[in-house]
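Q: Input model-v7.pdb, format and content: PDB, C-alpha atoms and all ligand atoms.
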ATOM      1  CA  MET A   1       0.000   0.000   0.000
ATOM      2  CA  ALA A   2       1.251   3.496  -0.870
ATOM      3  CA  ASP A   3       2.404   5.717   1.976
ATOM      4  CA  THR A   4      -0.356   8.197   2.864
ATOM      5  CA  ILE A   5      -0.538  11.392   4.876
ATOM      6  CA  PHE A   6      -2.041   9.315   7.718
ATOM      7  CA  SER A   7       0.981   6.965   7.747
ATOM      8  CA  LYS A   8       3.129  10.068   8.144
ATOM      9  CA  ILE A   9       0.929  11.239  11.046
ATOM     10  CA  LEU A  10       1.215   7.779  12.656
ATOM     11  CA  ARG A  11       5.003   7.908  12.378
ATOM     12  CA  GLY A  12       5.052  11.439  13.811
ATOM     13  CA  ASP A  13       6.576  12.803  10.586
ATOM     14  CA  ILE A  14       3.857  15.434  10.377
ATOM     15  CA  PRO A  15       1.969  16.916  13.318
ATOM     16  CA  CYS A  16      -1.639  16.418  14.339
ATOM     17  CA  HIS A  17      -3.881  17.160  17.283
ATOM     18  CA  LYS A  18      -3.963  13.704  18.893
ATOM     19  CA  VAL A  19      -7.128  12.698  20.727
ATOM     20  CA  TYR A  20      -6.528   9.009  21.518
ATOM     21  CA  GLU A  21      -4.019   6.198  21.023
ATOM     22  CA  ASP A  22      -3.726   2.533  21.922
ATOM     23  CA  ASP A  23      -1.743  -0.383  20.451
ATOM     24  CA  LEU A  24      -3.972  -0.647  17.363
ATOM     25  CA  VAL A  25      -5.897   2.604  17.021
ATOM     26  CA  PHE A  26      -5.114   6.315  16.719
ATOM     27  CA  ALA A  27      -7.513   9.304  16.687
ATOM     28  CA  PHE A  28      -6.896  12.962  15.890
ATOM     29  CA  LEU A  29      -8.747  16.104  14.839
ATOM     30  CA  ASP A  30      -9.621  16.499  11.158
ATOM     31  CA  ILE A  31      -7.684  19.392   9.587
ATOM     32  CA  GLY A  32     -10.799  20.438   7.624
ATOM     33  CA  PRO A  33     -13.612  19.954  10.132
ATOM     34  CA  LEU A  34     -17.224  19.827   8.970
ATOM     35  CA  SER A  35     -18.145  20.850  12.517
ATOM     36  CA  TYR A  36     -16.499  21.577  15.855
ATOM     37  CA  GLY A  37     -15.030  18.320  17.182
ATOM     38  CA  HIS A  38     -14.762  16.488  13.809
ATOM     39  CA  THR A  39     -12.386  13.633  14.628
ATOM     40  CA  LEU A  40     -10.717  10.908  12.550
ATOM     41  CA  VAL A  41     -10.201   7.410  13.940
ATOM     42  CA  ILE A  42      -7.638   5.307  12.090
ATOM     43  CA  PRO A  43      -6.052   1.873  12.482
ATOM     44  CA  LYS A  44      -2.309   1.635  12.891
ATOM     45  CA  GLU A  45      -2.552  -1.256  10.447
ATOM     46  CA  GLU A  46      -1.842  -0.149   6.872
ATOM     47  CA  ALA A  47      -5.082  -0.830   4.985
ATOM     48  CA  ALA A  48      -6.658   1.330   2.288
ATOM     49  CA  THR A  49     -10.308   0.299   2.725
ATOM     50  CA  VAL A  50     -12.310  -1.228   5.541
ATOM     51  CA  ASP A  51     -12.768  -4.606   3.835
ATOM     52  CA  GLN A  52      -8.981  -5.067   4.024
ATOM     53  CA  LEU A  53      -8.797  -4.741   7.825
ATOM     54  CA  SER A  54      -7.870  -7.648  10.061
ATOM     55  CA  ASP A  55     -10.545  -8.844  12.505
ATOM     56  CA  GLU A  56      -8.299  -7.825  15.416
ATOM     57  CA  THR A  57      -7.977  -4.216  14.254
ATOM     58  CA  ALA A  58     -11.648  -4.008  13.275
ATOM     59  CA  ALA A  59     -12.597  -5.146  16.770
ATOM     60  CA  ALA A  60     -10.219  -2.636  18.348
ATOM     61  CA  ILE A  61     -11.814   0.223  16.396
ATOM     62  CA  GLY A  62     -15.309  -0.973  17.259
ATOM     63  CA  ARG A  63     -14.380  -1.188  20.923
ATOM     64  CA  VAL A  64     -13.121   2.391  21.141
ATOM     65  CA  LEU A  65     -15.571   4.210  18.817
ATOM     66  CA  PRO A  66     -18.402   4.562  21.371
ATOM     67  CA  ARG A  67     -15.965   5.916  23.970
ATOM     68  CA  LEU A  68     -14.641   8.514  21.522
ATOM     69  CA  CYS A  69     -18.207   9.485  20.590
ATOM     70  CA  ARG A  70     -19.118   9.960  24.250
ATOM     71  CA  ALA A  71     -16.081  12.213  24.756
ATOM     72  CA  ILE A  72     -16.899  14.263  21.642
ATOM     73  CA  LYS A  73     -20.518  14.683  22.754
ATOM     74  CA  ALA A  74     -19.443  15.756  26.233
ATOM     75  CA  VAL A  75     -16.810  18.241  25.065
ATOM     76  CA  THR A  76     -18.628  19.777  22.086
ATOM     77  CA  GLY A  77     -22.101  19.803  23.624
ATOM     78  CA  ALA A  78     -23.512  18.363  20.381
ATOM     79  CA  ASP A  79     -25.689  15.408  21.337
ATOM     80  CA  GLN A  80     -26.080  14.134  17.755
ATOM     81  CA  PHE A  81     -23.400  13.030  15.337
ATOM     82  CA  ASN A  82     -22.590  10.989  12.231
ATOM     83  CA  ILE A  83     -19.954   8.332  11.750
ATOM     84  CA  LEU A  84     -18.788   8.363   8.134
ATOM     85  CA  GLN A  85     -16.450   5.850   6.520
ATOM     86  CA  ASN A  86     -15.588   6.256   2.824
ATOM     87  CA  ASN A  87     -14.065   3.511   0.656
ATOM     88  CA  GLY A  88     -12.890   4.381  -2.854
ATOM     89  CA  LEU A  89     -12.661   7.514  -4.991
ATOM     90  CA  MET A  90     -16.300   7.487  -6.111
ATOM     91  CA  ALA A  91     -17.299   7.019  -2.490
ATOM     92  CA  HIS A  92     -15.472  10.263  -1.599
ATOM     93  CA  GLN A  93     -12.360   8.683  -0.120
ATOM     94  CA  ALA A  94      -9.437  11.104  -0.454
ATOM     95  CA  VAL A  95      -6.895   9.468   1.863
ATOM     96  CA  PHE A  96      -6.297   5.783   1.163
ATOM     97  CA  HIS A  97      -5.710   4.691   4.729
ATOM     98  CA  VAL A  98      -8.868   3.473   6.501
ATOM     99  CA  HIS A  99     -10.494   6.176   8.616
ATOM    100  CA  PHE A 100     -13.740   6.714  10.438
ATOM    101  CA  HIS A 101     -15.016  10.283  10.686
ATOM    102  CA  ILE A 102     -16.898  11.217  13.851
ATOM    103  CA  ILE A 103     -18.770  14.382  12.888
ATOM    104  CA  PRO A 104     -20.835  16.246  15.485
ATOM    105  CA  LYS A 105     -24.222  17.432  14.216
ATOM    106  CA  PRO A 106     -24.957  20.596  16.215
ATOM    107  CA  GLY A 107     -27.604  21.871  13.781
ATOM    108  CA  VAL A 108     -29.568  20.775  10.703
ATOM    109  CA  SER A 109     -27.307  22.612   8.248
ATOM    110  CA  GLU A 110     -24.081  21.974  10.206
ATOM    111  CA  GLY A 111     -21.849  18.916  10.201
ATOM    112  CA  LEU A 112     -22.484  16.228   7.594
ATOM    113  CA  VAL A 113     -25.250  17.033   5.103
ATOM    114  CA  ILE A 114     -26.392  13.910   3.283
ATOM    115  CA  GLU A 115     -28.217  13.533  -0.007
ATOM    116  CA  TRP A 116     -30.190  10.299   0.315
ATOM    117  CA  ALA A 117     -32.241   8.907  -2.576
ATOM    118  CA  PRO A 118     -33.808   5.626  -1.441
ATOM    119  CA  GLY A 119     -35.042   3.005  -3.894
ATOM    120  CA  LYS A 120     -37.481   0.202  -3.050
ATOM    121  CA  LEU A 121     -36.380  -3.310  -2.175
ATOM    122  CA  ASP A 122     -38.200  -5.954  -4.198
ATOM    123  CA  PRO A 123     -39.026  -8.879  -1.838
ATOM    124  CA  THR A 124     -37.988 -11.622  -4.308
ATOM    125  CA  GLU A 125     -34.756  -9.861  -5.254
ATOM    126  CA  GLY A 126     -34.147  -9.121  -1.544
ATOM    127  CA  ALA A 127     -34.441 -12.797  -0.612
ATOM    128  CA  LYS A 128     -32.022 -13.816  -3.393
ATOM    129  CA  LEU A 129     -29.544 -11.074  -2.508
ATOM    130  CA  ALA A 130     -29.584 -11.794   1.229
ATOM    131  CA  ALA A 131     -29.036 -15.508   0.531
ATOM    132  CA  ALA A 132     -26.121 -14.753  -1.810
ATOM    133  CA  LEU A 133     -24.509 -12.457   0.735
ATOM    134  CA  SER A 134     -24.956 -14.957   3.561
ATOM    135  CA  ALA A 135     -23.399 -17.686   1.421
ATOM    136  CA  GLU A 136     -20.452 -15.439   0.562
ATOM    137  CA  ILE A 137     -19.913 -14.568   4.215
ATOM    138  CA  GLY A 138     -20.222 -18.226   5.163
ATOM    139  CA  ALA A 139     -22.823 -17.516   7.857
TER     140      ALA A 139
HETATM  141  P1  LIG A 201     -11.995  11.131   3.166
HETATM  142  O1  LIG A 201     -12.655  12.005   2.117
HETATM  143  O2  LIG A 201     -10.824  10.373   2.634
HETATM  144  O3  LIG A 201     -12.998  10.249   3.867
HETATM  145  O4  LIG A 201     -11.484  12.149   4.279
HETATM  146  C1  LIG A 201     -10.159  12.488   4.470
HETATM  147  C2  LIG A 201     -10.138  13.490   5.597
HETATM  148  O5  LIG A 201      -8.783  13.664   6.005
HETATM  149  C3  LIG A 201     -10.664  14.883   5.233
HETATM  150  O6  LIG A 201     -11.756  15.208   6.078
HETATM  151  C4  LIG A 201      -9.477  15.804   5.441
HETATM  152  O7  LIG A 201      -9.823  17.053   5.975
HETATM  153  C5  LIG A 201      -8.590  15.003   6.371
HETATM  154  N1  LIG A 201      -7.168  15.275   6.221
HETATM  155  C6  LIG A 201      -6.468  15.257   5.059
HETATM  156  N2  LIG A 201      -5.171  15.544   5.278
HETATM  157  C7  LIG A 201      -5.051  15.743   6.618
HETATM  158  C8  LIG A 201      -3.946  16.079   7.463
HETATM  159  O8  LIG A 201      -2.806  16.264   7.018
HETATM  160  N3  LIG A 201      -4.193  16.198   8.791
HETATM  161  C9  LIG A 201      -5.450  16.003   9.310
HETATM  162  N4  LIG A 201      -5.581  16.137  10.634
HETATM  163  N5  LIG A 201      -6.515  15.679   8.548
HETATM  164  C10 LIG A 201      -6.313  15.561   7.217
END
So, in terms of structure tokens, how does the structure I just supplied come out?
A:
Amino acid sequence: MADTIFSKILRGDIPCHKVYEDDLVFAFLDIGPLSYGHTLVIPKEEAATVDQLSDETAAAIGRVLPRLCRAIKAVTGADQFNILQNNGLMAHQAVFHVHFHIIPKPGVSEGLVIEWAPGKLDPTEGAKLAAALSAEIGA
């Protein structure tokens, strides 16, 4: 995997405002915040997209995310927030090292603004798709 700006932050080659660190996970303030408190949570493992993460690192991120969210809520005073995780250029990923955004939502037009255009799930197609996914997962 190519060296990214986040690898440089992890190595301490470029500065950041660190929020949290353990053996597997690192969190710091986003340099271009969508709202006050916008924080990035990254694995120390070098992986470009979330599907490439090891189970151990994925579990470590999952374990710490709620704690980071509680701290961000307490400090910013925003009681609502989004967690955003982009994978791939079309999906708005700019830095190809896995990262989870925690973005406080202090007001309707602040923080993450989402355009959401839902379709309609066809029951027959849904059953086939769910079965295919389950088989692929091996569950
Ligand atoms: P993406 O679009 O890949 O999900 O988001 C990348 C995020 O990384 C952006 O929100 C951007 O502001 C942030 N970012 C990019 N470069 C730096 C940096 O050098 N330092 C920090 N703290 N954040 C960065």
Q: Axis-aligned box over every listed atom of ligand LIG 201 (chain A), padded by 4 Å per side: centre and edges in Å to one decimal, as JSON?
A:
{"center_x": -7.9, "center_y": 13.7, "center_z": 6.4, "size_x": 18.2, "size_y": 14.8, "size_z": 16.5}
Q: Give me, as a count of residues only, the set of residues whose atoms come within 12 Å of any atom of ligand LIG 201 (chain A), counting all atoms listed in the file.
A: 57
Q: How many Å lie between atom CA of A:Glu46 and atom CA of A:Ala59, rounded to one decimal?
A: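 Rounded to one decimal, the two atoms are 15.4 Å apart.
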Q: Can you tell me how far atom CA of A:Ala58 sits from atom CA of A:Lys44, in Å to one decimal?
A: 10.9 Å
Q: What is the atom CA of A:Ala135-atom CA of A:Glu45 distance in Å, reported with one decimal?
A: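 Calculated distance between atom CA of A:Ala135 and atom CA of A:Glu45 is 28.0 Å.
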Q: If the PyMOL selection byres (((chain A and resi 24) around 7) and not hetatm) were run on this exact file, what residues would it hold? Put them as number ranges by chain.
A: A: 22-23, 25, 43-44, 57, 60
Q: Quick one: of A:Leu53, A:Leu121, A:Phe81, A:Leu129, who's nearest to A:Pro66, counting all atoms listed in the file?
A: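 Among the listed residues, the smallest separation from A:Pro66 belongs to A:Phe81.
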Q: What does the PyMOL selection byres (((chain A and resi 77) around 10) and not hetatm) select in this file, as a list in words?
A: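 Output from the PyMOL selection byres (((chain A and resi 77) around 10) and not hetatm), applied to this file: Tyr36, Gly37, Ala71, Ile72, Lys73, Ala74, Val75, Thr76, Ala78, Asp79, Gln80, Pro104, Lys105 and Pro106 of chain A.
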